[in-house]
Amino acid sequence: MKKINWDYLQNLALLLVVITLPMPKYSLNSQALIILIAVWLFSGGFSNKFANLKQKRYQFLSISIWFFMFIIGLTYSDSLDIGFKNIVKNLPLLAIPLVIFSQEMELKKLENILKWFSISVICCAVFALIKASYFTYMNFGNYFYNQNLASLLNIHTTYYALFCVIVLLNFIYQIMFIKNKIIYWVSIVFLLFFMYLLSSRMGIFALGVGLFPIFYNKYGLKSLLSVPVIALLIFGFLFSPNFQKREDGQDEFGTNTPTLNTRILHWQAVIDAVGETNIYFGDGSGTDKKHVYTAYNEFNFVEGVKHKYNAHNQFLEYYIYFGLMAIIVWFFCFWVWIKKIFNDYYAYQFSVFIVLICFMLTESILERQNGIVIFALLLSLILNWNFKKNEAYK
C-alpha cells in the first residue's frame, strides 16, 4: 500500500485556505481551515512539530496570544454566549500559527502561497467586474463603486483592499528583485484600477507607505526622492471622482457610506466609551458593548447604533475587551515583530507589517474572519521563514 504523503497534503490544505480567503463564501474558507487542522493532526511526527514550535515559541505566541486572551477574558465576562462565539471566531489565531510554526518554511513554499493567493484575488476581482457589467447592462444600477462592488464580492471594501495591497506589493517586489515579467505589470495596472473602484482610502495610503521599505532596499537613501511622487499619486487617487463621491455620505441606492467626518465622530464616541470600561482588564471577551452604542447615541452617530459598528480601530477594540492588559500584550507583539525585522531584514516583510498596522488604525480587522485569517497567515509565514538563508530573495 502506498504511503500517504502528509507533507504534500498539508501544503495542499494550506493552499486551499489561501485560495478560498478572497472568495465570497466565508464557509469555504472555514471548511478549508478545518481540513488544514485535520491534516495537521493526522500527519503525525509530533516530536518534530513541537521541537519547531519550541524553537519559534515567541513568534508563535506573538500571534496566538490573542486567542488565549479571549479565553482569559471569558472568566470575567457578562455574557458567556458572546464570549464563546468570540473564542470560536478567533480560533484561526491559534490554528494557523500552530500549523505553520511547526514546520520549516522554504522559499519555494512561500512563493507558491503568495502566487496562489494573488491568482485568487485577481480571479475574484474579475468575477466581480463581470457581475457588475451584467447588472449595468440590465439597468440594475451602478455596481462599479465602493460598497456596491464589494457586495458582489461579499467582502467589505477594506478587507479586499487589504488583499489587493498585499498582492500589489508582492508583484512590485518581484519586478524589482526577482523577475521582471509582463504579467506582473498587467496585474499591477488591473489591481490599481480595481482599488480605484473600491475607493478604499486606507488601501491607497497603506500601499504608498508600504512601498518605502521596498524602494529603500533597492535604492537606499535615493528612495527618498520617491516620496513626493508617491504622495502625489496618493492625493491623485484621494481627489479622484470615485473617492470624492464617498464624501457624499450616501450612494445611489441610498446606502450610507462613511465619510471622514463620520469616522472622526465614530472614534470620539468610542474613546468616550472606553473611559467607562474596567481600565485594567476591560470588559472581557463576552462584552455586549452596550456602553459603546450608548456613546454613539450621545454623539448622534445614528448609523453606529443601527448597525452596531465596532471601534474601527484594532487597538481601541482590544482595549474595550482587555483594558491595559491589551496594551501590554501589544508591546510584547511589537517587540517580537520588530526584533525579527532588525535581526533578519527583508523588505517585503517590513512592508507587510506596515500595511497591517495602517489598516488596524482605521479598521478592527480582527473582528471578521477575513481579517483574522490574513493577519494570522501573513505574520506566521513571514515570522517563520529564515530570510538570511535566502540572500537571493533579500
# chains A, B, ... in the order shown; residues from 1 in each chain; ligands from 1
$ closest_atom_pairs --of "region 97-202 of chain A" --to "region 44-48 of chain A" --cutoff "12 Å" --atoms "only C-alpha atoms" --output "Markdown table"
| residue | atom | partner | partner_atom | distance |
| --- | --- | --- | --- | --- |
| A:Leu98 | CA | A:Phe46 | CA | 11.6 |
| A:Val99 | CA | A:Phe46 | CA | 11.3 |
| A:Phe101 | CA | A:Asn48 | CA | 11.0 |
| A:Ser102 | CA | A:Asn48 | CA | 7.5 |
| A:Gln103 | CA | A:Asn48 | CA | 8.1 |
| A:Glu104 | CA | A:Asn48 | CA | 10.2 |
$ residues_around --residues "Leu9 (chain A)" --least-positions-apart "3" --cutoff "12 Å" --atoms "only C-alpha atoms" --output "PyMOL selection string"
chain A and resi 4-6+12-16+35-43
$ write_last_selection --atoms "N, CA, C and O atoms" --output "mmCIF file, in the first residue's frame"
data_model
loop_
_atom_site.group_PDB
_atom_site.id
_atom_site.type_symbol
_atom_site.label_atom_id
_atom_site.label_comp_id
_atom_site.auth_asym_id
_atom_site.auth_seq_id
_atom_site.Cartn_x
_atom_site.Cartn_y
_atom_site.Cartn_z
ATOM 1 N N ILE A 4 0.971 7.500 2.551
ATOM 2 C CA ILE A 4 0.380 8.831 2.365
ATOM 3 C C ILE A 4 1.439 9.902 2.572
ATOM 4 O O ILE A 4 2.172 9.894 3.571
ATOM 5 N N ASN A 5 1.529 10.830 1.634
ATOM 6 C CA ASN A 5 2.467 11.948 1.737
ATOM 7 C C ASN A 5 1.772 13.085 2.486
ATOM 8 O O ASN A 5 1.121 13.952 1.891
ATOM 9 N N TRP A 6 1.931 13.083 3.808
ATOM 10 C CA TRP A 6 1.228 14.050 4.640
ATOM 11 C C TRP A 6 1.737 15.470 4.436
ATOM 12 O O TRP A 6 0.974 16.434 4.533
ATOM 13 N N LEU A 12 -1.111 21.311 0.473
ATOM 14 C CA LEU A 12 -2.308 21.449 -0.353
ATOM 15 C C LEU A 12 -3.443 22.092 0.457
ATOM 16 O O LEU A 12 -4.160 22.966 -0.042
ATOM 17 N N ALA A 13 -3.579 21.666 1.710
ATOM 18 C CA ALA A 13 -4.613 22.226 2.582
ATOM 19 C C ALA A 13 -4.346 23.699 2.872
ATOM 20 O O ALA A 13 -5.282 24.519 2.930
ATOM 21 N N LEU A 14 -3.073 24.052 3.047
ATOM 22 C CA LEU A 14 -2.700 25.452 3.292
ATOM 23 C C LEU A 14 -3.025 26.307 2.071
ATOM 24 O O LEU A 14 -3.528 27.435 2.204
ATOM 25 N N LEU A 15 -2.761 25.770 0.887
ATOM 26 C CA LEU A 15 -3.091 26.489 -0.350
ATOM 27 C C LEU A 15 -4.603 26.666 -0.487
ATOM 28 O O LEU A 15 -5.073 27.698 -0.977
ATOM 29 N N LEU A 16 -5.353 25.670 -0.024
ATOM 30 C CA LEU A 16 -6.811 25.748 -0.070
ATOM 31 C C LEU A 16 -7.314 26.891 0.807
ATOM 32 O O LEU A 16 -8.241 27.619 0.432
ATOM 33 N N ILE A 35 -10.046 21.436 7.277
ATOM 34 C CA ILE A 35 -9.244 20.429 6.565
ATOM 35 C C ILE A 35 -7.765 20.561 6.932
ATOM 36 O O ILE A 35 -7.072 19.566 7.165
ATOM 37 N N LEU A 36 -7.287 21.821 7.006
ATOM 38 C CA LEU A 36 -5.879 22.073 7.353
ATOM 39 C C LEU A 36 -5.540 21.515 8.731
ATOM 40 O O LEU A 36 -4.521 20.834 8.905
ATOM 41 N N ILE A 37 -6.407 21.769 9.699
ATOM 42 C CA ILE A 37 -6.174 21.278 11.062
ATOM 43 C C ILE A 37 -6.250 19.749 11.118
ATOM 44 O O ILE A 37 -5.440 19.090 11.787
ATOM 45 N N ALA A 38 -7.212 19.184 10.402
ATOM 46 C CA ALA A 38 -7.375 17.722 10.391
ATOM 47 C C ALA A 38 -6.134 17.047 9.810
ATOM 48 O O ALA A 38 -5.638 16.057 10.372
ATOM 49 N N VAL A 39 -5.630 17.568 8.705
ATOM 50 C CA VAL A 39 -4.422 17.004 8.085
ATOM 51 C C VAL A 39 -3.238 17.138 9.027
ATOM 52 O O VAL A 39 -2.427 16.218 9.169
ATOM 53 N N TRP A 40 -3.134 18.289 9.692
ATOM 54 C CA TRP A 40 -2.021 18.528 10.641
ATOM 55 C C TRP A 40 -2.080 17.521 11.794
ATOM 56 O O TRP A 40 -1.056 16.987 12.219
ATOM 57 N N LEU A 41 -3.272 17.263 12.293
ATOM 58 C CA LEU A 41 -3.428 16.346 13.422
ATOM 59 C C LEU A 41 -3.091 14.903 13.038
ATOM 60 O O LEU A 41 -2.488 14.164 13.820
ATOM 61 N N PHE A 42 -3.465 14.490 11.836
ATOM 62 C CA PHE A 42 -3.259 13.112 11.410
ATOM 63 C C PHE A 42 -1.889 12.865 10.789
ATOM 64 O O PHE A 42 -1.522 11.715 10.541
ATOM 65 N N SER A 43 -1.149 13.942 10.546
ATOM 66 C CA SER A 43 0.140 13.775 9.859
ATOM 67 C C SER A 43 1.216 13.172 10.747
ATOM 68 O O SER A 43 2.243 12.709 10.263
#
$ residues_around --residues "region 112-126 of chain A" --least-positions-apart "2" --cutoff "8 Å" --atoms "only C-alpha atoms" --output "count of residues only"
20
$ select_by_dssp --residues "region 185-302 of chain A" --states "alpha helix (DSSP H)" --output "JSON, numbers by chain"
{"A": [185, 186, 187, 188, 189, 190, 191, 192, 193, 194, 195, 196, 197, 198, 201, 202, 203, 204, 205, 206, 207, 208, 209, 210, 211, 212, 213, 214, 215, 216, 217, 218, 219, 226, 227, 228, 229, 230, 231, 232, 233, 234, 235, 236, 237, 238, 241, 242, 243, 244, 245, 260, 261, 262, 263, 264, 265, 266, 267, 268, 269, 270, 271, 272, 273, 274, 290, 291, 292, 293, 294, 295, 296, 297, 298, 302]}
$ atom_distance --atom1 "CA of Ile71 (chain A)" --atom2 "CA of Leu94 (chain A)"
11.7 Å
$ residues_around --residues "Pro97 (chain A)" --least-positions-apart "3" --cutoff "7 Å" --atoms "only C-alpha atoms" --output "PyMOL selection string"
chain A and resi 60+64+93-94+100-101+376+380
$ atom_distance --atom1 "CA of Phe212 (chain A)" --atom2 "CA of Ala347 (chain A)"
8.8 Å
$ atom_distance --atom1 "CA of Phe281 (chain A)" --atom2 "CA of Leu324 (chain A)"
6.2 Å
$ residues_around --residues "Ala206 (chain A)" --least-positions-apart "4" --cutoff "7 Å" --atoms "only C-alpha atoms" --output "list in words"
Met202, Gly210, Val355 and Cys358 of chain A
$ closest_residue --among "A:Asn370, A:Asn310, A:Ser285, A:Thr362" --to "Thr75 (chain A)" --atoms "only C-alpha atoms"
A:Ser285
$ closest_residue --among "A:Phe315, A:Phe50, A:Tyr280, A:Tyr346" --to "Gly73 (chain A)" --atoms "only C-alpha atoms"
A:Tyr280
$ closest_residue --among "A:Gln349, A:Asn90, A:Ser77, A:Asn297" --to "Gly371 (chain A)" --atoms "only C-alpha atoms"
A:Asn90
$ closest_residue --among "A:Gln147, A:Asn242, A:Gln314, A:Ser223" --to "Ala132 (chain A)" --atoms "only C-alpha atoms"
A:Gln147
